[in-house]
Amino acid sequence: MNTEIAGHVLLKPKRAQPFYGRHPWVFVGAIDTVQGTPPDGAVVDLRSSTGNFVARGLFNSQSKIRVRLYSWDEQQPLDDAFFQAKLDRALALRRDLLQFTDSPETAYRAVFSEADGLSGLVIDRYGSWLTVQFTALALAQRQQMFARLLMQWPGVRGIYLRTEKGIGQLEGAELRDGLLAGEPPPADLSIVEHGLRFQVNLTEGQKTGYYLDQRENRQVVAHYAVGRRVLDAFCYTGGFGLACARAGAASVECVDASVPALQIAQASAERNGLGNLVFTHADVFHYLNDLVAARKQFDLIILDPPKFARNRAAVPKAFQGYRKLHQQALKLLTPNGVLVSCCCTGLISATEFEELVAQVATSSGRDVQLLERRGPAADHPVALACRETGYLKCLISRVS
Ligand code: SAH
């Protein structure tokens, strides 16, 4: 790709501060003028209203994020060596500091977009395979470069491209799922998480096959499950439920609306020799009502729904959804039961989410003791310059 500076993007007066603070998203509203005619995906320099260099990034006229910033050093070209250094730094966090191995059963998030200085690139590692998601057109245009660099990572046999819903519309990127480099992943790929083996479908599973961000939370929640009747609502492939069953739960019911996910969950339960689980195919919102009507009781309830809002306009409805789930869950929870409330909607803050749980508890006449305020596992770091990367909240509480 051309690394020449194809244009200069001038900010409106008084709009430069977030970018000096190294936030990587330059929205169209902050921009005064674009000098030159940079094609989509080209390198541009961001300049203050007085013309000072602020940062260097990649341009996209089709995205509301008109420029994504990658370097704050005016001498630094955005060339292959630059991106290789970013990838190496991301990998070093996982391998050297977090001690993930290259074993064929180890899974972790290898690159987490803005949190690793690579806005628009998410890479998960499942043993010898990588799944790559481009959420920025400019990086998608550089996919061959990334494929070449990533195939050099130790132990990598293949790279599979996954596309996120709506990215064509948001970024103008035309991408299709498929093999990007190397060998295709085997259909029976599995990983081991805290001693449990999980089947992972890289080519058809949701997200990139597995929700790696909840890895540590599953293990922590399992400690609370001993001897308890557990409800794992929104179980996907059974991450929380299987961990609870193995820890010695009295019973575990896993509920999800996806049949393929439940099939994988069931197969993984059998493979791990776990018998004390049942799997229910249902819409959780309806099913919780049914359970309440049937006067069912659980001692530990996990609520891990999908993202409820992708934009600000959808946030009020998202709050309603979380409220409804918590209202029903509290009716099903025995006195002194444990509630695990997860929220991966980035547009709802940790404080707002706690407030919501508090309000539901008050109106239900229950006292809630927050035992643990948790976030994602450390392979999903939060860039303090871009707090949007800290999307996952996981509250573990005891309810009177
Ligand atoms: N707890 C899981 C991840 C959950 S992801 C884990 O640890 O791996 C969210 C899940 O919610 C997905 O599996 C999706 O199929 C499911 N889902 C979304 N809306 C649903 C609904 N209304 N009822 C039931 N499941 C739903």
# chains A, B, ... in the order shown; residues from 1 in each chain; ligands from 1

$ residues_around --residues "A:Ile5" --least-positions-apart "4" --cutoff "8 Å" --atoms "only C-alpha atoms" --output "list in words"
Ala42, Val43, Val44 and Asp45 of chain A

$ select_by_dssp --residues "stretch 174-315 of chain A" --states "helix (DSSP H, G or I)" --output "PDB file with C-alpha atoms, in the first residue's frame"
ATOM      1  CA  LEU A 212     -13.024 -15.299  25.029  1.00  0.00           C
ATOM      2  CA  ASP A 213     -13.682 -12.132  27.034  1.00  0.00           C
ATOM      3  CA  GLN A 214     -15.576 -14.072  29.724  1.00  0.00           C
ATOM      4  CA  ARG A 215     -12.818 -16.650  30.295  1.00  0.00           C
ATOM      5  CA  GLU A 216     -11.830 -15.581  33.812  1.00  0.00           C
ATOM      6  CA  ASN A 217     -15.378 -14.674  34.807  1.00  0.00           C
ATOM      7  CA  ARG A 218     -16.513 -18.230  34.048  1.00  0.00           C
ATOM      8  CA  GLN A 219     -13.950 -19.637  36.424  1.00  0.00           C
ATOM      9  CA  VAL A 220     -14.777 -17.134  39.148  1.00  0.00           C
ATOM     10  CA  VAL A 221     -18.532 -17.711  38.814  1.00  0.00           C
ATOM     11  CA  ALA A 222     -17.988 -21.477  38.997  1.00  0.00           C
ATOM     12  CA  HIS A 223     -16.631 -21.050  42.548  1.00  0.00           C
ATOM     13  CA  GLY A 239     -19.154 -21.444  28.794  1.00  0.00           C
ATOM     14  CA  PHE A 240     -20.568 -20.547  32.201  1.00  0.00           C
ATOM     15  CA  GLY A 241     -22.874 -23.559  32.536  1.00  0.00           C
ATOM     16  CA  LEU A 242     -20.195 -26.166  31.915  1.00  0.00           C
ATOM     17  CA  ALA A 243     -17.788 -24.473  34.315  1.00  0.00           C
ATOM     18  CA  CYS A 244     -20.500 -24.469  37.012  1.00  0.00           C
ATOM     19  CA  ALA A 245     -21.408 -28.110  36.352  1.00  0.00           C
ATOM     20  CA  ARG A 246     -17.811 -29.179  36.690  1.00  0.00           C
ATOM     21  CA  ALA A 247     -17.367 -27.159  39.887  1.00  0.00           C
ATOM     22  CA  VAL A 259     -29.901 -24.252  18.081  1.00  0.00           C
ATOM     23  CA  PRO A 260     -26.362 -24.631  16.646  1.00  0.00           C
ATOM     24  CA  ALA A 261     -24.900 -23.040  19.790  1.00  0.00           C
ATOM     25  CA  LEU A 262     -26.893 -25.414  22.018  1.00  0.00           C
ATOM     26  CA  GLN A 263     -25.787 -28.407  19.965  1.00  0.00           C
ATOM     27  CA  ILE A 264     -22.162 -27.437  20.460  1.00  0.00           C
ATOM     28  CA  ALA A 265     -22.819 -26.836  24.173  1.00  0.00           C
ATOM     29  CA  GLN A 266     -24.365 -30.275  24.557  1.00  0.00           C
ATOM     30  CA  ALA A 267     -21.550 -31.973  22.635  1.00  0.00           C
ATOM     31  CA  SER A 268     -18.974 -30.180  24.795  1.00  0.00           C
ATOM     32  CA  ALA A 269     -20.794 -31.224  27.989  1.00  0.00           C
ATOM     33  CA  GLU A 270     -20.689 -34.868  26.893  1.00  0.00           C
ATOM     34  CA  ARG A 271     -17.086 -34.627  25.840  1.00  0.00           C
ATOM     35  CA  VAL A 284     -34.813 -16.005  27.394  1.00  0.00           C
ATOM     36  CA  PHE A 285     -37.280 -13.130  27.812  1.00  0.00           C
ATOM     37  CA  HIS A 286     -40.252 -15.456  27.306  1.00  0.00           C
ATOM     38  CA  TYR A 287     -38.698 -18.360  29.130  1.00  0.00           C
ATOM     39  CA  LEU A 288     -38.017 -16.378  32.307  1.00  0.00           C
ATOM     40  CA  ASN A 289     -41.721 -15.521  32.407  1.00  0.00           C
ATOM     41  CA  ASP A 290     -42.561 -19.222  32.062  1.00  0.00           C
ATOM     42  CA  LEU A 291     -40.171 -20.127  34.868  1.00  0.00           C
ATOM     43  CA  VAL A 292     -41.698 -17.449  37.106  1.00  0.00           C
ATOM     44  CA  ALA A 293     -45.198 -18.716  36.318  1.00  0.00           C
ATOM     45  CA  ARG A 312     -27.208   5.986  21.066  1.00  0.00           C
ATOM     46  CA  ALA A 313     -30.765   5.851  19.758  1.00  0.00           C
ATOM     47  CA  ALA A 314     -31.036   2.217  20.855  1.00  0.00           C
ATOM     48  CA  VAL A 315     -29.828   2.817  24.429  1.00  0.00           C
TER      49      VAL A 315
END

$ residues_near_ligand --ligand "ligand 1" --cutoff "7 Å" --atoms "only C-alpha atoms and all ligand atoms" --output "short mmCIF file (atom, residue, chain, number, x, y, z; two decimals) with N, CA and C atoms, in the first residue's frame"
data_model
loop_
_atom_site.label_atom_id
_atom_site.label_comp_id
_atom_site.auth_asym_id
_atom_site.auth_seq_id
_atom_site.Cartn_x
_atom_site.Cartn_y
_atom_site.Cartn_z
N TYR A 210 -16.20 -18.02 19.70
CA TYR A 210 -16.24 -18.26 21.14
C TYR A 210 -16.10 -16.92 21.83
N TYR A 211 -16.68 -16.80 23.03
CA TYR A 211 -16.58 -15.53 23.75
C TYR A 211 -15.41 -15.59 24.72
N GLN A 214 -15.01 -13.62 28.45
CA GLN A 214 -15.58 -14.07 29.72
C GLN A 214 -14.75 -15.19 30.37
N PHE A 234 -28.70 -17.16 28.26
CA PHE A 234 -27.86 -16.75 27.12
C PHE A 234 -26.54 -17.53 27.16
N CYS A 235 -26.65 -18.83 27.12
CA CYS A 235 -25.48 -19.68 27.40
C CYS A 235 -24.53 -19.81 26.22
N TYR A 236 -24.99 -19.51 24.99
CA TYR A 236 -24.17 -19.76 23.78
C TYR A 236 -23.65 -21.19 23.81
N THR A 237 -22.35 -21.43 23.74
CA THR A 237 -21.87 -22.82 23.71
C THR A 237 -21.59 -23.36 25.12
N GLY A 238 -22.18 -22.74 26.13
CA GLY A 238 -22.18 -23.33 27.47
C GLY A 238 -21.03 -22.93 28.36
N GLY A 239 -20.34 -21.85 28.02
CA GLY A 239 -19.15 -21.44 28.79
C GLY A 239 -19.37 -21.42 30.30
N PHE A 240 -20.33 -20.64 30.76
CA PHE A 240 -20.57 -20.55 32.20
C PHE A 240 -21.16 -21.85 32.75
N VAL A 255 -29.79 -21.95 28.73
CA VAL A 255 -30.83 -21.50 27.82
C VAL A 255 -30.25 -20.60 26.74
N ASP A 256 -30.63 -20.87 25.49
CA ASP A 256 -30.21 -19.98 24.40
C ASP A 256 -31.20 -20.10 23.26
N ALA A 257 -31.23 -19.08 22.41
CA ALA A 257 -32.14 -19.08 21.26
C ALA A 257 -31.50 -19.71 20.02
N SER A 258 -30.22 -20.02 20.09
CA SER A 258 -29.53 -20.56 18.92
C SER A 258 -29.38 -22.08 19.02
N ALA A 261 -25.69 -23.30 18.57
CA ALA A 261 -24.90 -23.04 19.79
C ALA A 261 -25.22 -24.10 20.85
N ALA A 282 -34.86 -21.63 23.83
CA ALA A 282 -35.95 -20.67 24.07
C ALA A 282 -35.44 -19.25 23.97
N ASP A 283 -36.38 -18.35 23.80
CA ASP A 283 -36.11 -16.92 23.95
C ASP A 283 -36.09 -16.65 25.45
N VAL A 284 -34.97 -16.17 25.95
CA VAL A 284 -34.81 -16.00 27.39
C VAL A 284 -35.91 -15.11 27.98
N PHE A 285 -36.27 -14.05 27.27
CA PHE A 285 -37.28 -13.13 27.81
C PHE A 285 -38.59 -13.86 28.08
N ASP A 304 -26.17 -13.24 30.65
CA ASP A 304 -25.10 -12.77 29.76
C ASP A 304 -25.66 -12.53 28.35
N PRO A 305 -26.55 -11.54 28.23
CA PRO A 305 -27.20 -11.31 26.94
C PRO A 305 -26.25 -10.69 25.92
N PRO A 306 -26.65 -10.69 24.65
CA PRO A 306 -25.83 -10.04 23.62
C PRO A 306 -25.89 -8.53 23.79
#

$ atom_distance --atom1 "atom CA of A:Tyr20" --atom2 "atom CA of A:Ala383"
14.6 Å

$ residues_around --residues "A:Ile31" --least-positions-apart "2" --cutoff "10 Å" --atoms "only C-alpha atoms" --output "JSON, numbers by chain"
{"A": [9, 10, 11, 12, 13, 15, 16, 26, 27, 28, 29, 33, 34, 46, 47, 48, 49, 66, 67]}

$ write_last_selection --atoms "C-alpha atoms" --output "mmCIF file, in the first residue's frame"
data_model
loop_
_atom_site.group_PDB
_atom_site.id
_atom_site.type_symbol
_atom_site.label_atom_id
_atom_site.label_comp_id
_atom_site.auth_asym_id
_atom_site.auth_seq_id
_atom_site.Cartn_x
_atom_site.Cartn_y
_atom_site.Cartn_z
ATOM 1 C CA VAL A 9 -7.323 16.874 7.508
ATOM 2 C CA LEU A 10 -7.826 20.133 9.372
ATOM 3 C CA LEU A 11 -9.811 20.140 12.588
ATOM 4 C CA LYS A 12 -12.316 22.791 13.570
ATOM 5 C CA PRO A 13 -11.056 25.209 16.228
ATOM 6 C CA ARG A 15 -11.584 20.183 18.577
ATOM 7 C CA ALA A 16 -8.032 18.848 18.777
ATOM 8 C CA VAL A 26 -11.876 11.472 14.169
ATOM 9 C CA PHE A 27 -15.575 11.855 13.477
ATOM 10 C CA VAL A 28 -16.722 13.868 10.521
ATOM 11 C CA GLY A 29 -18.209 16.565 12.799
ATOM 12 C CA THR A 33 -11.553 20.863 5.738
ATOM 13 C CA VAL A 34 -9.723 18.142 3.886
ATOM 14 C CA LEU A 46 -4.504 15.293 11.142
ATOM 15 C CA ARG A 47 -3.786 18.943 11.817
ATOM 16 C CA SER A 48 -5.135 21.435 14.303
ATOM 17 C CA SER A 49 -7.081 24.478 13.084
ATOM 18 C CA ARG A 66 -13.504 9.832 8.773
ATOM 19 C CA VAL A 67 -9.960 9.259 10.000
#

$ closest_residue --among "A:Leu175, A:Leu347, A:Val200, A:Ala55" --to "A:Asp73" --atoms "only C-alpha atoms"
A:Ala55

$ residues_around --residues "stretch 325-330 of chain A" --least-positions-apart "4" --cutoff "12 Å" --atoms "only C-alpha atoms" --output "PyMOL selection string"
chain A and resi 230-234+283-293+295-305+318-321+334-343+353-354+356-368+397-400

$ closest_atom_pairs --of "stretch 144-253 of chain A" --to "stretch 77-96 of chain A" --cutoff "9 Å" --atoms "only C-alpha atoms" --output "Markdown table"
| residue | atom | partner | partner_atom | distance |
| --- | --- | --- | --- | --- |
| A:Met145 | CA | A:Asp80 | CA | 7.2 |
| A:Phe146 | CA | A:Phe83 | CA | 8.1 |
| A:Leu149 | CA | A:Gln84 | CA | 6.7 |
| A:Leu150 | CA | A:Leu87 | CA | 8.2 |
| A:Trp153 | CA | A:Leu91 | CA | 8.8 |

$ write_last_selection --atoms "C-alpha atoms" --output "mmCIF file, in the first residue's frame"
data_model
loop_
_atom_site.group_PDB
_atom_site.id
_atom_site.type_symbol
_atom_site.label_atom_id
_atom_site.label_comp_id
_atom_site.auth_asym_id
_atom_site.auth_seq_id
_atom_site.Cartn_x
_atom_site.Cartn_y
_atom_site.Cartn_z
ATOM 1 C CA MET A 145 -0.075 -7.442 4.233
ATOM 2 C CA PHE A 146 -1.656 -8.495 7.530
ATOM 3 C CA LEU A 149 2.747 -10.802 8.738
ATOM 4 C CA LEU A 150 0.420 -13.025 10.737
ATOM 5 C CA TRP A 153 3.656 -15.796 13.949
#

$ residues_around --residues "stretch 183-193 of chain A" --least-positions-apart "4" --cutoff "6 Å" --atoms "only C-alpha atoms" --output "PyMOL selection string"
chain A and resi 105-106+157-158+197-200

$ atom_distance --atom1 "atom CA of A:Asn276" --atom2 "atom CA of A:Ala294"
21.0 Å

$ select_by_dssp --residues "stretch 319-372 of chain A" --states "strand (DSSP E)" --output "number ranges by chain"
A: 333-343, 368-372

$ write_last_selection --atoms "N, CA, C and O atoms" --output "short mmCIF file (atom, residue, chain, number, x, y, z; two decimals), in the first residue's frame"
data_model
loop_
_atom_site.label_atom_id
_atom_site.label_comp_id
_atom_site.auth_asym_id
_atom_site.auth_seq_id
_atom_site.Cartn_x
_atom_site.Cartn_y
_atom_site.Cartn_z
N LEU A 333 -34.75 -16.07 41.94
CA LEU A 333 -33.57 -16.29 42.76
C LEU A 333 -33.97 -16.52 44.23
O LEU A 333 -34.71 -15.73 44.80
N THR A 334 -33.46 -17.60 44.81
CA THR A 334 -33.75 -17.91 46.22
C THR A 334 -33.13 -16.85 47.12
O THR A 334 -32.18 -16.16 46.71
N PRO A 335 -33.60 -16.73 48.37
CA PRO A 335 -32.96 -15.80 49.32
C PRO A 335 -31.48 -16.15 49.45
O PRO A 335 -31.12 -17.32 49.54
N ASN A 336 -30.65 -15.12 49.43
CA ASN A 336 -29.19 -15.27 49.46
C ASN A 336 -28.63 -15.96 48.21
O ASN A 336 -27.53 -16.52 48.24
N GLY A 337 -29.39 -15.89 47.15
CA GLY A 337 -28.91 -16.43 45.87
C GLY A 337 -27.88 -15.50 45.24
O GLY A 337 -27.73 -14.34 45.63
N VAL A 338 -27.17 -16.03 44.28
CA VAL A 338 -26.11 -15.27 43.62
C VAL A 338 -26.57 -14.87 42.22
O VAL A 338 -27.07 -15.71 41.46
N LEU A 339 -26.39 -13.59 41.92
CA LEU A 339 -26.77 -13.09 40.60
C LEU A 339 -25.52 -12.63 39.86
O LEU A 339 -24.72 -11.86 40.41
N VAL A 340 -25.37 -13.10 38.65
CA VAL A 340 -24.24 -12.67 37.81
C VAL A 340 -24.83 -11.88 36.65
O VAL A 340 -25.52 -12.43 35.79
N SER A 341 -24.59 -10.56 36.65
CA SER A 341 -25.19 -9.69 35.63
C SER A 341 -24.10 -9.21 34.69
O SER A 341 -23.20 -8.50 35.12
N CYS A 342 -24.21 -9.58 33.43
CA CYS A 342 -23.21 -9.13 32.47
C CYS A 342 -23.85 -8.14 31.49
O CYS A 342 -25.02 -8.23 31.16
N CYS A 343 -23.03 -7.22 31.03
CA CYS A 343 -23.49 -6.21 30.08
C CYS A 343 -22.33 -5.90 29.14
O CYS A 343 -21.30 -5.40 29.56
N VAL A 368 -29.13 -5.97 47.62
CA VAL A 368 -28.07 -6.54 46.79
C VAL A 368 -26.71 -6.17 47.36
O VAL A 368 -26.44 -4.99 47.61
N GLN A 369 -25.89 -7.17 47.61
CA GLN A 369 -24.50 -6.93 48.02
C GLN A 369 -23.62 -7.26 46.83
O GLN A 369 -23.56 -8.40 46.39
N LEU A 370 -22.92 -6.25 46.37
CA LEU A 370 -22.01 -6.47 45.25
C LEU A 370 -20.76 -7.16 45.78
O LEU A 370 -20.07 -6.65 46.65
N LEU A 371 -20.49 -8.35 45.28
CA LEU A 371 -19.32 -9.12 45.74
C LEU A 371 -18.12 -8.85 44.85
O LEU A 371 -17.00 -8.77 45.32
N GLU A 372 -18.37 -8.76 43.54
CA GLU A 372 -17.25 -8.55 42.62
C GLU A 372 -17.71 -7.69 41.45
O GLU A 372 -18.77 -7.91 40.89
#

$ atom_distance --atom1 "atom CA of A:Gln99" --atom2 "atom CA of A:Pro24"
28.2 Å

$ closest_residue --among "A:Phe308, A:Tyr70, A:Tyr126, A:Tyr160" --to "A:Ser113" --atoms "only C-alpha atoms"
A:Tyr70

$ closest_residue --among "A:Pro39, A:Arg310, A:Arg109, A:Asp32" --to "A:Lys165" --atoms "only C-alpha atoms"
A:Arg310

$ decode --residues "stretch 149-160 of chain A" --atoms "all heavy atoms" --output "compact mmCIF listing (two decimals), in the first residue's frame"
# COMPACT_ATOMS: atom_id res chain seq x y z
N LEU A 149 2.09 -10.99 7.43
CA LEU A 149 2.75 -10.80 8.74
C LEU A 149 2.27 -11.83 9.75
O LEU A 149 3.06 -12.37 10.54
CB LEU A 149 2.47 -9.38 9.27
CG LEU A 149 3.04 -8.22 8.44
CD1 LEU A 149 2.55 -6.89 9.00
CD2 LEU A 149 4.57 -8.26 8.46
N LEU A 150 0.98 -12.12 9.72
CA LEU A 150 0.42 -13.03 10.74
C LEU A 150 0.82 -14.47 10.50
O LEU A 150 0.97 -15.24 11.45
CB LEU A 150 -1.11 -12.90 10.77
CG LEU A 150 -1.62 -11.53 11.25
CD1 LEU A 150 -3.12 -11.40 10.98
CD2 LEU A 150 -1.33 -11.34 12.73
N MET A 151 1.01 -14.84 9.24
CA MET A 151 1.44 -16.21 8.95
C MET A 151 2.86 -16.46 9.50
O MET A 151 3.28 -17.59 9.64
CB MET A 151 1.40 -16.51 7.44
CG MET A 151 0.01 -16.79 6.89
SD MET A 151 -0.89 -18.14 7.69
CE MET A 151 -0.02 -19.58 7.05
N GLN A 152 3.58 -15.36 9.80
CA GLN A 152 4.93 -15.52 10.37
C GLN A 152 4.90 -15.74 11.88
O GLN A 152 5.92 -16.04 12.50
CB GLN A 152 5.77 -14.28 10.05
CG GLN A 152 6.09 -14.15 8.57
CD GLN A 152 6.62 -12.77 8.21
OE1 GLN A 152 6.96 -11.97 9.07
NE2 GLN A 152 6.67 -12.48 6.91
N TRP A 153 3.73 -15.56 12.50
CA TRP A 153 3.66 -15.80 13.95
C TRP A 153 3.92 -17.28 14.22
O TRP A 153 3.45 -18.14 13.45
CB TRP A 153 2.25 -15.42 14.47
CG TRP A 153 2.09 -13.96 14.73
CD1 TRP A 153 2.95 -12.95 14.41
CD2 TRP A 153 0.96 -13.34 15.37
NE1 TRP A 153 2.42 -11.74 14.80
CE2 TRP A 153 1.22 -11.95 15.39
CE3 TRP A 153 -0.23 -13.82 15.92
CZ2 TRP A 153 0.33 -11.05 15.95
CZ3 TRP A 153 -1.12 -12.92 16.47
CH2 TRP A 153 -0.84 -11.54 16.50
N PRO A 154 4.63 -17.59 15.30
CA PRO A 154 4.96 -18.98 15.58
C PRO A 154 3.70 -19.84 15.71
O PRO A 154 2.74 -19.45 16.39
CB PRO A 154 5.68 -18.92 16.94
CG PRO A 154 6.05 -17.50 17.16
CD PRO A 154 5.15 -16.66 16.32
N GLY A 155 3.71 -20.97 15.04
CA GLY A 155 2.64 -21.95 15.21
C GLY A 155 1.36 -21.69 14.43
O GLY A 155 0.41 -22.44 14.55
N VAL A 156 1.31 -20.62 13.64
CA VAL A 156 0.06 -20.32 12.92
C VAL A 156 -0.02 -21.13 11.63
O VAL A 156 0.89 -21.11 10.81
CB VAL A 156 -0.05 -18.81 12.62
CG1 VAL A 156 -1.22 -18.53 11.67
CG2 VAL A 156 -0.23 -18.02 13.91
N ARG A 157 -1.14 -21.86 11.47
CA ARG A 157 -1.31 -22.69 10.26
C ARG A 157 -2.31 -22.09 9.28
O ARG A 157 -2.31 -22.45 8.10
CB ARG A 157 -1.75 -24.09 10.66
CG ARG A 157 -0.61 -24.86 11.32
CD ARG A 157 -1.05 -26.18 11.88
NE ARG A 157 -1.58 -27.08 10.88
CZ ARG A 157 -2.10 -28.27 11.15
NH1 ARG A 157 -2.15 -28.70 12.41
NH2 ARG A 157 -2.57 -29.04 10.20
N GLY A 158 -3.18 -21.25 9.77
CA GLY A 158 -4.15 -20.67 8.85
C GLY A 158 -4.85 -19.46 9.45
O GLY A 158 -4.86 -19.26 10.67
N ILE A 159 -5.40 -18.65 8.56
CA ILE A 159 -6.10 -17.43 8.99
C ILE A 159 -7.46 -17.39 8.31
O ILE A 159 -7.56 -17.52 7.08
CB ILE A 159 -5.31 -16.16 8.59
CG1 ILE A 159 -3.88 -16.23 9.14
CG2 ILE A 159 -6.02 -14.91 9.07
CD1 ILE A 159 -2.99 -15.11 8.63
N TYR A 160 -8.49 -17.22 9.12
CA TYR A 160 -9.85 -17.21 8.59
C TYR A 160 -10.45 -15.81 8.80
O TYR A 160 -10.37 -15.25 9.89
CB TYR A 160 -10.70 -18.27 9.30
CG TYR A 160 -11.92 -18.63 8.52
CD1 TYR A 160 -11.87 -19.59 7.51
CD2 TYR A 160 -13.14 -17.99 8.76
CE1 TYR A 160 -13.00 -19.92 6.77
CE2 TYR A 160 -14.27 -18.30 8.02
CZ TYR A 160 -14.19 -19.26 7.03
OH TYR A 160 -15.31 -19.57 6.30
